[in-house]
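Enquirer: Got a file for you: input.pdb, PDB, C-alpha atoms and all ligand atoms.
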ATOM      1  CA  MET W  24     126.229 157.238 172.379
ATOM      2  CA  LEU W  25     122.552 158.131 172.696
ATOM      3  CA  VAL W  26     120.142 157.404 169.814
ATOM      4  CA  PHE W  27     116.366 157.461 169.384
ATOM      5  CA  PRO W  28     115.079 154.379 167.500
ATOM      6  CA  ASN W  29     111.815 155.358 165.795
ATOM      7  CA  ALA W  30     108.767 153.290 164.846
ATOM      8  CA  LYS W  31     107.448 152.656 161.311
ATOM      9  CA  LEU W  32     104.052 152.548 159.633
ATOM     10  CA  ASN W  33     103.081 150.275 156.759
ATOM     11  CA  LEU W  34     101.225 151.995 153.911
ATOM     12  CA  GLY W  35      99.517 149.014 152.298
ATOM     13  CA  LEU W  36     100.671 145.493 153.149
ATOM     14  CA  TYR W  37     100.149 142.529 150.865
ATOM     15  CA  VAL W  38     101.214 138.999 151.748
ATOM     16  CA  THR W  39     101.722 137.553 148.301
ATOM     17  CA  GLU W  40     103.327 134.128 148.757
ATOM     18  CA  ARG W  41     104.473 131.562 151.287
ATOM     19  CA  ARG W  42     108.195 130.872 150.834
ATOM     20  CA  PRO W  43     110.039 127.545 151.122
ATOM     21  CA  ASP W  44     111.924 128.946 154.182
ATOM     22  CA  GLY W  45     108.632 129.333 156.100
ATOM     23  CA  PHE W  46     108.572 133.139 155.715
ATOM     24  CA  HIS W  47     106.231 135.033 153.380
ATOM     25  CA  ASN W  48     106.918 137.408 150.518
ATOM     26  CA  VAL W  49     105.290 140.748 151.236
ATOM     27  CA  GLU W  50     104.808 144.033 149.412
ATOM     28  CA  SER W  51     104.495 147.150 151.529
ATOM     29  CA  VAL W  52     105.622 150.743 151.795
ATOM     30  CA  PHE W  53     107.498 151.422 155.032
ATOM     31  CA  LEU W  54     107.396 154.925 156.444
ATOM     32  CA  PRO W  55     109.456 156.189 159.434
ATOM     33  CA  LEU W  56     107.200 157.406 162.262
ATOM     34  CA  PRO W  57     108.707 159.899 164.746
ATOM     35  CA  TRP W  58     107.602 157.935 167.859
ATOM     36  CA  THR W  59     110.817 156.790 169.539
ATOM     37  CA  ASP W  60     112.539 154.767 172.237
ATOM     38  CA  ALA W  61     115.817 156.011 173.752
ATOM     39  CA  LEU W  62     118.903 153.781 173.487
ATOM     40  CA  GLU W  63     122.361 154.444 174.911
ATOM     41  CA  ILE W  64     125.440 152.321 174.291
ATOM     42  CA  LEU W  65     128.703 152.889 176.207
ATOM     43  CA  PRO W  66     131.848 150.833 176.760
ATOM     44  CA  ALA W  67     131.443 148.928 180.063
ATOM     45  CA  PRO W  68     133.755 149.902 182.966
ATOM     46  CA  ALA W  69     136.940 147.792 182.987
ATOM     47  CA  GLY W  70     136.358 144.196 184.068
ATOM     48  CA  GLN W  71     132.553 144.298 183.739
ATOM     49  CA  PRO W  72     130.606 142.118 181.255
ATOM     50  CA  THR W  73     128.018 143.415 178.761
ATOM     51  CA  SER W  74     124.840 144.474 180.564
ATOM     52  CA  ILE W  75     121.456 145.918 179.628
ATOM     53  CA  THR W  76     119.264 148.130 181.806
ATOM     54  CA  LEU W  77     115.618 148.312 180.740
ATOM     55  CA  THR W  78     113.179 151.053 181.773
ATOM     56  CA  GLY W  79     109.776 152.209 180.539
ATOM     57  CA  ARG W  80     107.304 149.793 178.929
ATOM     58  CA  PRO W  81     108.021 146.206 180.128
ATOM     59  CA  ILE W  82     109.529 143.963 177.427
ATOM     60  CA  PRO W  83     108.526 140.279 177.586
ATOM     61  CA  GLY W  84     111.404 137.800 177.571
ATOM     62  CA  ASN W  85     114.912 137.521 178.974
ATOM     63  CA  PRO W  86     116.847 140.848 178.887
ATOM     64  CA  ALA W  87     119.989 138.892 177.897
ATOM     65  CA  THR W  88     118.289 138.093 174.548
ATOM     66  CA  ASN W  89     116.967 141.609 173.989
ATOM     67  CA  LEU W  90     117.440 142.580 170.353
ATOM     68  CA  CYS W  91     119.898 145.348 171.375
ATOM     69  CA  VAL W  92     122.150 142.782 173.091
ATOM     70  CA  ARG W  93     121.808 140.397 170.148
ATOM     71  CA  ALA W  94     122.763 143.204 167.738
ATOM     72  CA  TYR W  95     125.855 144.089 169.813
ATOM     73  CA  GLU W  96     126.928 140.434 170.108
ATOM     74  CA  LEU W  97     126.430 139.914 166.366
ATOM     75  CA  LEU W  98     129.005 142.658 165.693
ATOM     76  CA  GLN W  99     131.310 141.419 168.477
ATOM     77  CA  ALA W 100     131.534 138.045 166.710
ATOM     78  CA  ASP W 101     133.075 139.780 163.659
ATOM     79  CA  PHE W 102     134.892 142.635 165.474
ATOM     80  CA  PRO W 103     136.750 141.064 168.423
ATOM     81  CA  GLN W 104     138.125 144.504 169.368
ATOM     82  CA  LEU W 105     134.640 145.477 170.633
ATOM     83  CA  PRO W 106     134.734 145.669 174.450
ATOM     84  CA  PRO W 107     131.831 144.621 176.699
ATOM     85  CA  ALA W 108     129.107 147.295 176.555
ATOM     86  CA  GLN W 109     126.692 148.995 178.899
ATOM     87  CA  ILE W 110     123.336 149.247 177.148
ATOM     88  CA  TYR W 111     120.406 151.345 178.412
ATOM     89  CA  LEU W 112     117.006 151.069 176.686
ATOM     90  CA  HIS W 113     114.044 153.208 177.655
ATOM     91  CA  LYS W 114     111.109 151.527 175.907
ATOM     92  CA  ILE W 115     108.263 153.771 174.778
ATOM     93  CA  VAL W 116     106.957 152.327 171.487
ATOM     94  CA  PRO W 117     104.329 149.596 172.083
ATOM     95  CA  ILE W 118     105.424 145.984 171.515
ATOM     96  CA  GLY W 119     103.545 143.519 169.283
ATOM     97  CA  ALA W 120     101.984 146.546 167.639
ATOM     98  CA  GLY W 121     103.122 146.302 164.018
ATOM     99  CA  LEU W 122     105.229 149.421 164.604
ATOM    100  CA  GLY W 123     108.589 147.624 164.316
ATOM    101  CA  GLY W 124     109.821 148.941 167.659
ATOM    102  CA  GLY W 125     112.037 145.974 168.540
ATOM    103  CA  SER W 126     113.449 145.909 165.022
ATOM    104  CA  ALA W 127     114.285 149.619 165.247
ATOM    105  CA  ASP W 128     116.136 149.080 168.555
ATOM    106  CA  ALA W 129     118.218 146.342 166.904
ATOM    107  CA  ALA W 130     119.026 148.417 163.804
ATOM    108  CA  PHE W 131     119.918 151.511 165.846
ATOM    109  CA  ALA W 132     122.124 149.378 168.121
ATOM    110  CA  LEU W 133     124.049 148.243 165.013
ATOM    111  CA  LYS W 134     124.368 151.816 163.710
ATOM    112  CA  ALA W 135     125.377 153.288 167.093
ATOM    113  CA  THR W 136     127.996 150.570 167.692
ATOM    114  CA  ASN W 137     129.422 151.137 164.213
ATOM    115  CA  GLU W 138     129.733 154.862 164.884
ATOM    116  CA  LEU W 139     130.830 154.762 168.541
ATOM    117  CA  PHE W 140     133.686 152.357 167.859
ATOM    118  CA  SER W 141     134.482 153.659 164.337
ATOM    119  CA  LEU W 142     134.066 150.204 162.779
ATOM    120  CA  GLY W 143     133.619 151.611 159.251
ATOM    121  CA  ILE W 144     130.822 149.170 158.304
ATOM    122  CA  SER W 145     129.047 150.153 155.063
ATOM    123  CA  VAL W 146     125.284 150.725 154.859
ATOM    124  CA  GLU W 147     124.880 147.532 152.770
ATOM    125  CA  THR W 148     126.760 145.445 155.329
ATOM    126  CA  LEU W 149     124.774 146.981 158.205
ATOM    127  CA  GLU W 150     121.616 145.962 156.315
ATOM    128  CA  SER W 151     122.834 142.386 156.015
ATOM    129  CA  TYR W 152     123.584 142.244 159.768
ATOM    130  CA  ALA W 153     120.090 143.681 160.360
ATOM    131  CA  ARG W 154     118.452 140.974 158.192
ATOM    132  CA  GLN W 155     119.875 138.348 160.561
ATOM    133  CA  LEU W 156     117.978 139.937 163.462
ATOM    134  CA  GLY W 157     114.506 140.236 161.881
ATOM    135  CA  SER W 158     112.674 140.928 158.631
ATOM    136  CA  ASP W 159     111.765 144.505 159.609
ATOM    137  CA  CYS W 160     115.239 145.439 160.864
ATOM    138  CA  ALA W 161     116.978 146.283 157.588
ATOM    139  CA  PHE W 162     114.522 149.099 156.825
ATOM    140  CA  PHE W 163     115.681 151.036 159.898
ATOM    141  CA  ILE W 164     119.309 151.214 158.699
ATOM    142  CA  GLN W 165     118.526 153.860 156.052
ATOM    143  CA  ASN W 166     115.206 154.744 157.698
ATOM    144  CA  LYS W 167     113.563 156.454 154.740
ATOM    145  CA  PRO W 168     110.300 155.654 152.874
ATOM    146  CA  VAL W 169     110.756 152.558 150.666
ATOM    147  CA  LEU W 170     108.750 149.967 148.789
ATOM    148  CA  ALA W 171     109.691 146.734 150.562
ATOM    149  CA  MET W 172     109.539 143.305 148.904
ATOM    150  CA  GLU W 173     110.447 139.668 149.640
ATOM    151  CA  ARG W 174     110.643 139.213 153.462
ATOM    152  CA  GLY W 175     110.166 142.984 153.774
ATOM    153  CA  ASP W 176     113.937 143.402 153.653
ATOM    154  CA  VAL W 177     114.608 144.146 149.970
ATOM    155  CA  PHE W 178     113.892 147.732 148.947
ATOM    156  CA  GLN W 179     113.021 149.895 145.980
ATOM    157  CA  GLU W 180     113.088 153.679 146.205
ATOM    158  CA  ILE W 181     109.755 155.452 146.301
ATOM    159  CA  ASP W 182     109.039 159.125 145.891
ATOM    160  CA  LEU W 183     106.465 159.864 148.577
ATOM    161  CA  ASN W 184     106.027 163.257 150.138
ATOM    162  CA  LEU W 185     103.781 163.157 153.192
ATOM    163  CA  THR W 186     105.448 166.112 154.932
ATOM    164  CA  GLY W 187     102.912 167.904 157.107
ATOM    165  CA  THR W 188     100.398 165.033 157.060
ATOM    166  CA  GLY W 189      98.682 164.678 160.442
ATOM    167  CA  CYS W 190      98.851 161.236 162.013
ATOM    168  CA  LEU W 191      97.126 159.509 164.921
ATOM    169  CA  VAL W 192      98.267 156.033 166.016
ATOM    170  CA  VAL W 193      96.079 154.013 168.398
ATOM    171  CA  TYR W 194      97.442 150.936 170.203
ATOM    172  CA  PRO W 195      94.574 149.070 171.895
ATOM    173  CA  ASN W 196      96.869 147.282 174.352
ATOM    174  CA  LEU W 197      96.704 143.991 172.443
ATOM    175  CA  HIS W 198      99.969 142.139 171.847
ATOM    176  CA  ILE W 199      99.486 140.370 168.511
ATOM    177  CA  SER W 200     102.267 137.899 167.792
ATOM    178  CA  THR W 201     103.706 138.271 164.288
ATOM    179  CA  PRO W 202     103.973 134.477 163.575
ATOM    180  CA  GLU W 203     100.356 134.022 164.728
ATOM    181  CA  ALA W 204      99.209 136.820 162.408
ATOM    182  CA  PHE W 205     101.055 135.311 159.417
ATOM    183  CA  ALA W 206      99.606 131.871 160.220
ATOM    184  CA  ARG W 207      96.075 133.253 159.694
ATOM    185  CA  ILE W 208      96.820 134.594 156.181
ATOM    186  CA  THR W 209      96.043 133.060 152.798
ATOM    187  CA  PRO W 210      98.597 134.678 150.455
ATOM    188  CA  GLN W 211      97.327 136.296 147.262
ATOM    189  CA  ALA W 212      98.337 138.900 144.665
ATOM    190  CA  PRO W 213      97.496 142.545 145.517
ATOM    191  CA  ALA W 214      94.217 143.858 144.051
ATOM    192  CA  HIS W 215      95.925 147.182 143.113
ATOM    193  CA  ALA W 216      99.574 147.935 142.317
ATOM    194  CA  LEU W 217     100.814 149.645 145.485
ATOM    195  CA  ARG W 218     103.280 152.099 143.932
ATOM    196  CA  ALA W 219     100.662 153.391 141.469
ATOM    197  CA  ALA W 220      97.940 153.595 144.146
ATOM    198  CA  LEU W 221     100.154 155.629 146.515
ATOM    199  CA  ALA W 222     101.019 158.066 143.704
ATOM    200  CA  GLN W 223      97.364 159.176 143.765
ATOM    201  CA  PRO W 224      95.986 161.695 146.329
ATOM    202  CA  LEU W 225      95.682 160.561 149.968
ATOM    203  CA  GLU W 226      91.865 160.656 149.789
ATOM    204  CA  THR W 227      91.839 157.901 147.127
ATOM    205  CA  TRP W 228      93.867 155.395 149.172
ATOM    206  CA  ARG W 229      90.798 154.272 151.130
ATOM    207  CA  ASP W 230      89.581 152.425 148.004
ATOM    208  CA  THR W 231      92.925 151.229 146.678
ATOM    209  CA  VAL W 232      95.436 150.615 149.501
ATOM    210  CA  SER W 233      94.860 147.861 152.058
ATOM    211  CA  ASN W 234      96.562 145.660 154.632
ATOM    212  CA  ASP W 235      95.907 141.899 154.233
ATOM    213  CA  PHE W 236      96.188 141.371 158.001
ATOM    214  CA  GLU W 237      93.002 143.399 158.630
ATOM    215  CA  LYS W 238      90.779 140.708 157.128
ATOM    216  CA  SER W 239      92.564 137.749 158.684
ATOM    217  CA  LEU W 240      92.695 139.280 162.193
ATOM    218  CA  ALA W 241      89.105 140.629 162.128
ATOM    219  CA  PRO W 242      87.320 137.528 163.547
ATOM    220  CA  ALA W 243      89.650 137.312 166.590
ATOM    221  CA  TYR W 244      90.087 141.071 167.142
ATOM    222  CA  PRO W 245      86.911 143.021 166.167
ATOM    223  CA  VAL W 246      88.271 146.077 168.023
ATOM    224  CA  LEU W 247      90.718 146.729 165.155
ATOM    225  CA  ALA W 248      87.898 147.472 162.672
ATOM    226  CA  GLU W 249      86.094 149.521 165.324
ATOM    227  CA  ILE W 250      89.121 151.801 165.812
ATOM    228  CA  LYS W 251      89.544 152.189 162.051
ATOM    229  CA  GLN W 252      85.858 153.112 161.774
ATOM    230  CA  GLN W 253      86.268 155.710 164.565
ATOM    231  CA  LEU W 254      89.235 157.271 162.750
ATOM    232  CA  TYR W 255      87.223 157.582 159.528
ATOM    233  CA  ALA W 256      84.239 158.975 161.486
ATOM    234  CA  ALA W 257      86.632 161.618 162.901
ATOM    235  CA  GLY W 258      87.567 162.712 159.384
ATOM    236  CA  ALA W 259      90.721 160.727 158.614
ATOM    237  CA  ALA W 260      91.473 160.714 154.878
ATOM    238  CA  TYR W 261      93.023 157.257 155.235
ATOM    239  CA  ALA W 262      93.103 154.715 158.085
ATOM    240  CA  SER W 263      94.710 151.280 158.369
ATOM    241  CA  LEU W 264      96.217 148.634 160.578
ATOM    242  CA  SER W 265     100.039 148.911 160.684
ATOM    243  CA  GLY W 266     102.045 145.735 159.995
ATOM    244  CA  SER W 267     100.515 142.694 161.661
ATOM    245  CA  GLY W 268      98.843 144.882 164.312
ATOM    246  CA  SER W 269      97.531 145.796 166.711
ATOM    247  CA  ALA W 270      98.238 149.512 166.147
ATOM    248  CA  VAL W 271      95.773 151.288 163.841
ATOM    249  CA  TYR W 272      96.605 154.703 162.368
ATOM    250  CA  GLY W 273      94.734 157.538 160.675
ATOM    251  CA  LEU W 274      96.144 160.192 158.335
ATOM    252  CA  TRP W 275      94.794 163.738 157.908
ATOM    253  CA  PRO W 276      95.727 166.106 155.052
ATOM    254  CA  ALA W 277      98.364 168.713 155.987
ATOM    255  CA  SER W 278      95.744 171.487 155.982
ATOM    256  CA  VAL W 279      93.542 169.764 158.618
ATOM    257  CA  ALA W 280      94.256 169.537 162.374
ATOM    258  CA  VAL W 281      94.160 166.011 163.858
ATOM    259  CA  PRO W 282      91.052 165.999 166.109
ATOM    260  CA  HIS W 283      91.240 165.173 169.809
ATOM    261  CA  LEU W 284      89.491 161.819 170.413
ATOM    262  CA  GLU W 285      88.734 159.956 173.669
ATOM    263  CA  TRP W 286      90.054 156.383 173.969
ATOM    264  CA  PRO W 287      89.903 153.809 176.799
ATOM    265  CA  ALA W 288      92.522 154.445 179.509
ATOM    266  CA  THR W 289      94.361 151.201 178.650
ATOM    267  CA  TYR W 290      95.115 152.383 175.093
ATOM    268  CA  THR W 291      98.341 154.157 174.108
ATOM    269  CA  VAL W 292      97.978 156.949 171.574
ATOM    270  CA  TRP W 293     100.527 158.958 169.588
ATOM    271  CA  HIS W 294      99.679 161.947 167.450
ATOM    272  CA  GLY W 295     101.875 164.257 165.479
ATOM    273  CA  VAL W 296     102.904 165.338 162.040
ATOM    274  CA  LEU W 297     104.840 163.216 159.523
TER     275      LEU W 297
HETATM  276  C1  LIG A 301     104.387 142.279 159.430
HETATM  277  C2  LIG A 301     105.634 143.128 159.317
HETATM  278  O1  LIG A 301     105.805 143.929 160.480
HETATM  279  C3  LIG A 301     105.519 144.060 158.132
HETATM  280  O2  LIG A 301     106.388 145.123 158.250
HETATM  281  C4  LIG A 301     106.868 142.271 159.163
HETATM  282  O3  LIG A 301     106.737 141.421 158.034
HETATM  283  C5  LIG A 301     107.215 141.466 160.404
HETATM  284  O4  LIG A 301     108.597 141.456 160.524
HETATM  285  P1  LIG A 301     109.339 141.052 161.911
HETATM  286  O5  LIG A 301     108.498 141.424 163.072
HETATM  287  O6  LIG A 301     110.721 141.614 161.793
HETATM  288  O7  LIG A 301     109.336 139.498 161.761
HETATM  289  P2  LIG A 301     110.504 138.419 162.070
HETATM  290  O8  LIG A 301     110.978 138.636 163.463
HETATM  291  O9  LIG A 301     111.504 138.402 160.958
HETATM  292  O10 LIG A 301     109.669 137.073 161.963
HETATM  293  C6  LIG A 301     108.741 136.650 162.917
HETATM  294  C7  LIG A 301     107.884 135.569 162.300
HETATM  295  O11 LIG A 301     106.924 136.177 161.402
HETATM  296  C8  LIG A 301     106.751 135.388 160.253
HETATM  297  N1  LIG A 301     107.143 136.174 159.067
HETATM  298  C9  LIG A 301     107.803 137.356 159.198
HETATM  299  C10 LIG A 301     108.137 138.119 158.092
HETATM  300  C11 LIG A 301     107.790 137.611 156.808
HETATM  301  N2  LIG A 301     108.063 138.298 155.695
HETATM  302  N3  LIG A 301     107.148 136.423 156.700
HETATM  303  C12 LIG A 301     106.804 135.706 157.800
HETATM  304  O12 LIG A 301     106.197 134.645 157.681
HETATM  305  C13 LIG A 301     107.591 134.135 160.442
HETATM  306  O13 LIG A 301     106.737 133.176 161.032
HETATM  307  C14 LIG A 301     108.639 134.571 161.439
HETATM  308  O14 LIG A 301     109.114 133.504 162.209
HETATM  309  N1  LIG A 302     114.092 145.883 172.230
HETATM  310  C1  LIG A 302     112.976 145.164 172.099
HETATM  311  N2  LIG A 302     111.785 145.769 171.974
HETATM  312  C2  LIG A 302     110.653 145.038 171.810
HETATM  313  N3  LIG A 302     110.622 143.692 171.823
HETATM  314  C3  LIG A 302     111.777 143.037 171.965
HETATM  315  C4  LIG A 302     112.999 143.751 172.111
HETATM  316  N4  LIG A 302     113.983 142.833 172.222
HETATM  317  C5  LIG A 302     113.403 141.630 172.172
HETATM  318  N5  LIG A 302     112.090 141.719 172.019
HETATM  319  C6  LIG A 302     111.173 140.582 171.892
HETATM  320  O1  LIG A 302     110.430 140.708 170.673
HETATM  321  C7  LIG A 302     109.030 140.526 170.929
HETATM  322  C8  LIG A 302     108.266 141.616 170.171
HETATM  323  O2  LIG A 302     108.353 141.356 168.855
HETATM  324  P1  LIG A 302     107.174 141.845 167.920
HETATM  325  O3  LIG A 302     107.659 141.567 166.530
HETATM  326  O4  LIG A 302     105.888 141.280 168.376
HETATM  327  O5  LIG A 302     107.120 143.421 168.276
HETATM  328  P2  LIG A 302     107.979 144.646 167.825
HETATM  329  O6  LIG A 302     109.318 144.224 167.313
HETATM  330  O7  LIG A 302     107.954 145.659 168.917
HETATM  331  O8  LIG A 302     107.188 145.289 166.661
HETATM  332  P3  LIG A 302     106.280 144.591 165.543
HETATM  333  O9  LIG A 302     105.040 144.271 166.227
HETATM  334  O10 LIG A 302     106.136 145.633 164.503
HETATM  335  O11 LIG A 302     107.042 143.430 164.986
HETATM  336  C9  LIG A 302     108.814 140.765 172.413
HETATM  337  O12 LIG A 302     107.846 139.847 172.880
HETATM  338  C10 LIG A 302     110.176 140.549 173.036
HETATM  339  O13 LIG A 302     110.251 139.262 173.597
END
Starting from the coordinates I provided, produce the structure as structure tokens.

Expert:
Amino acid sequence: MLVFPNAKLNLGLYVTERRPDGFHNVESVFLPLPWTDALEILPAPAGQPTSITLTGRPIPGNPATNLCVRAYELLQADFPQLPPAQIYLHKIVPIGAGLGGGSADAAFALKATNELFSLGISVETLESYARQLGSDCAFFIQNKPVLAMERGDVFQEIDLNLTGTGCLVVYPNLHISTPEAFARITPQAPAHALRAALAQPLETWRDTVSNDFEKSLAPAYPVLAEIKQQLYAAGAAYASLSGSGSAVYGLWPASVAVPHLEWPATYTVWHGVL
């Protein structure tokens, strides 16, 4: 079965509290972004063990612990009828970018395995498997805009229509580690209530919707603020860091074309319509 795990953007991201388990409570709106990897899962030929073949953007770490393999093995532990699998992942979405690419691969591996082998796992149970693989993973099970709380894995519905909004995502080829980014944060309550701020027109978000990681990462990574400034100079109605970085995105109203901008050759850029 072939699936296309997509990235996400964070609209606003507040780190409100350090938790006793070492994680942080966050408040953020997660939005699916149609920038995708390609993932195929098949039963392995008779007698062969589970394998993964990786192409595209190099993924740091041992392939045997890739999140797709971990997702498959997590289900195998509870569904012994699952045979060894052949997994193919073509990686396109930048890693360590705040785009949730690895988490999406894991969640889509769970969903594809459930469907391919007719396991009949409910959405709620898929979400609880996803939570075991990473805080961002559960979002990708339903993969629709939500207000995320706690570790970023508990959701409230949100009515947000950004259809037709132009979007430019700029990844400056910096791998920012998520634990390192959280370690630089001093948790605090949001200055504006996120749900209410996002209910206002896109043009107002610049003054009311922010990502706490921007301030804490600024001293080490001045390029992040420079990219955001360039997006505003090019007419973006709203621009922000996504997640814990390093991708920065700009949004343009549906009536306005996203301008063509020049970036250093080492950057990866995605543009399209939400
Ligand atoms: C920054 C966000 O991308 C916002 O969407 C997410 O909160 C990050 O989620 P993620 O990449 O799935 O993170 P995980 O793989 O669960 O955790 C990596 C590390 O980030 C830190 N972490 C993560 C999520 C969270 N709510 N609090 C944390 O403190 C912890 O040190 C954890 O060990
Ligand atoms: N399928 C995968 N795609 C990306 N990274 C993976 C994958 N499987 C395992 N990893 C590991 O996870 C690390 C990336 O995690 P990280 O959280 O920084 O990035 P991400 O999941 O792509 O997105 P985000 O930056 O939004 O969290 C990599 O260094 C790699 O070792």

Enquirer: Report as a VMD selection string the full result of the PyMOL selection byres (((chain W and resi 89) around 12) and not hetatm) when it is applied to this structure.

Expert: chain W and resid 74 to 77 81 to 88 90 to 96 110 to 112 114 125 to 126 128 to 129 132 156

Enquirer: Please determine, counting all atoms listed in the file, which residue among W:Ile164, W:Leu264, W:Ala100, W:Ile118 has the shortest atom-to-atom distance to ligand LIG 302 (chain A).

Expert: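 Between W:Ile164, W:Leu264, W:Ala100, W:Ile118, the residue approaching ligand LIG 302 (chain A) most closely is W:Ile118.
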
Enquirer: Write out as a count of residues only the residues lying within 9 Å of Lys31 of chain W, counting all atoms listed in the file and excluding same-chain residues fewer than 4 positions away.

Expert: 15

Enquirer: Quick one, how far is atom CA of Thr291 of chain W from atom CA of Ile250 of chain W?

Expert: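 Distance between the two atoms: 12.6 Å.
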
Enquirer: Expand the PyMOL selection byres (((chain W and resi 217) around 9) and not hetatm) into the explicit residue set it covers here, and present it as an NGL selection string.

Expert: :W and (34-37 or 50-52 or 170 or 213-216 or 218-222 or 231-232)

Enquirer: Please produce a file of the residues just selected, as a PDB file, in the frame of the given file, where the atoms kept are C-alpha atoms.

Expert:
ATOM      1  CA  LEU W  34     101.225 151.995 153.911  1.00  0.00           C
ATOM      2  CA  GLY W  35      99.517 149.014 152.298  1.00  0.00           C
ATOM      3  CA  LEU W  36     100.671 145.493 153.149  1.00  0.00           C
ATOM      4  CA  TYR W  37     100.149 142.529 150.865  1.00  0.00           C
ATOM      5  CA  GLU W  50     104.808 144.033 149.412  1.00  0.00           C
ATOM      6  CA  SER W  51     104.495 147.150 151.529  1.00  0.00           C
ATOM      7  CA  VAL W  52     105.622 150.743 151.795  1.00  0.00           C
ATOM      8  CA  LEU W 170     108.750 149.967 148.789  1.00  0.00           C
ATOM      9  CA  PRO W 213      97.496 142.545 145.517  1.00  0.00           C
ATOM     10  CA  ALA W 214      94.217 143.858 144.051  1.00  0.00           C
ATOM     11  CA  HIS W 215      95.925 147.182 143.113  1.00  0.00           C
ATOM     12  CA  ALA W 216      99.574 147.935 142.317  1.00  0.00           C
ATOM     13  CA  ARG W 218     103.280 152.099 143.932  1.00  0.00           C
ATOM     14  CA  ALA W 219     100.662 153.391 141.469  1.00  0.00           C
ATOM     15  CA  ALA W 220      97.940 153.595 144.146  1.00  0.00           C
ATOM     16  CA  LEU W 221     100.154 155.629 146.515  1.00  0.00           C
ATOM     17  CA  ALA W 222     101.019 158.066 143.704  1.00  0.00           C
ATOM     18  CA  THR W 231      92.925 151.229 146.678  1.00  0.00           C
ATOM     19  CA  VAL W 232      95.436 150.615 149.501  1.00  0.00           C
TER      20      VAL W 232
END

Enquirer: I'd like a table as a tab-separated table: residues in chain W with an atom no more than 7 Å from ligand LIG 301 (chain A), each row giving the shortest atom pair and its distance in Å to one decimal, all atoms listed in the file counted, sorted by chain and rising residue number.

Expert:
residue	atom	partner	partner_atom	distance
W:Asn33	CA	A:LIG301	O2	6.3
W:Gly45	CA	A:LIG301	O12	6.1
W:Phe46	CA	A:LIG301	O12	3.4
W:His47	CA	A:LIG301	N3	3.7
W:Asn48	CA	A:LIG301	N2	5.4
W:Val49	CA	A:LIG301	N2	5.8
W:Gly121	CA	A:LIG301	O1	5.0
W:Leu122	CA	A:LIG301	O1	6.9
W:Gly123	CA	A:LIG301	O1	6.0
W:Ser126	CA	A:LIG301	O6	6.0
W:Gly157	CA	A:LIG301	O9	3.6
W:Ser158	CA	A:LIG301	O9	3.6
W:Asp159	CA	A:LIG301	O6	3.8
W:Cys160	CA	A:LIG301	O6	6.0
W:Glu173	CA	A:LIG301	N2	6.7
W:Arg174	CA	A:LIG301	N2	3.5
W:Gly175	CA	A:LIG301	N2	5.5
W:Thr201	CA	A:LIG301	O11	4.8
W:Pro202	CA	A:LIG301	O13	4.0
W:Phe205	CA	A:LIG301	O12	5.5
W:Gly266	CA	A:LIG301	O1	4.2
W:Ser267	CA	A:LIG301	C1	4.5

Enquirer: Would you please work out which residue, of W:Leu254, W:Ile115, W:Val26, W:Cys190, is nearest to Gly295 of chain W when using all atoms listed in the file?

Expert: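 Among the listed residues, W:Cys190 lies closest to Gly295 of chain W.
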
Enquirer: Could you tell me how far atom CA of Leu247 of chain W lies from atom CA of Val38 of chain W, in Å and to one decimal?

Expert: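 Interatomic distance, atom CA of Leu247 of chain W to atom CA of Val38 of chain W: 18.7 Å.
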
Enquirer: Can you list, as an mmCIF file with C-alpha atoms, in the frame of the given file, the residues that the PyMOL selection byres (((chain W and resi 240-244) around 10) and not hetatm) selects here?

Expert:
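Saved file expr-v9.cif follows:
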data_model
loop_
_atom_site.group_PDB
_atom_site.id
_atom_site.type_symbol
_atom_site.label_atom_id
_atom_site.label_comp_id
_atom_site.auth_asym_id
_atom_site.auth_seq_id
_atom_site.Cartn_x
_atom_site.Cartn_y
_atom_site.Cartn_z
ATOM 1 C CA LEU W 197 96.704 143.991 172.443
ATOM 2 C CA ILE W 199 99.486 140.370 168.511
ATOM 3 C CA GLU W 203 100.356 134.022 164.728
ATOM 4 C CA ALA W 204 99.209 136.820 162.408
ATOM 5 C CA PHE W 205 101.055 135.311 159.417
ATOM 6 C CA ARG W 207 96.075 133.253 159.694
ATOM 7 C CA ILE W 208 96.820 134.594 156.181
ATOM 8 C CA ASP W 235 95.907 141.899 154.233
ATOM 9 C CA PHE W 236 96.188 141.371 158.001
ATOM 10 C CA GLU W 237 93.002 143.399 158.630
ATOM 11 C CA LYS W 238 90.779 140.708 157.128
ATOM 12 C CA SER W 239 92.564 137.749 158.684
ATOM 13 C CA PRO W 245 86.911 143.021 166.167
ATOM 14 C CA VAL W 246 88.271 146.077 168.023
ATOM 15 C CA LEU W 247 90.718 146.729 165.155
ATOM 16 C CA ALA W 248 87.898 147.472 162.672
ATOM 17 C CA GLU W 249 86.094 149.521 165.324
ATOM 18 C CA SER W 267 100.515 142.694 161.661
ATOM 19 C CA GLY W 268 98.843 144.882 164.312
ATOM 20 C CA SER W 269 97.531 145.796 166.711
#

Enquirer: Just how far from atom P3 of ligand LIG 302 (chain A) is atom CA of Pro72 of chain W, in Å to one decimal?

Expert: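 Pair atom CA of Pro72 of chain W / atom P3 of ligand LIG 302 (chain A) returns 29.1 Å.
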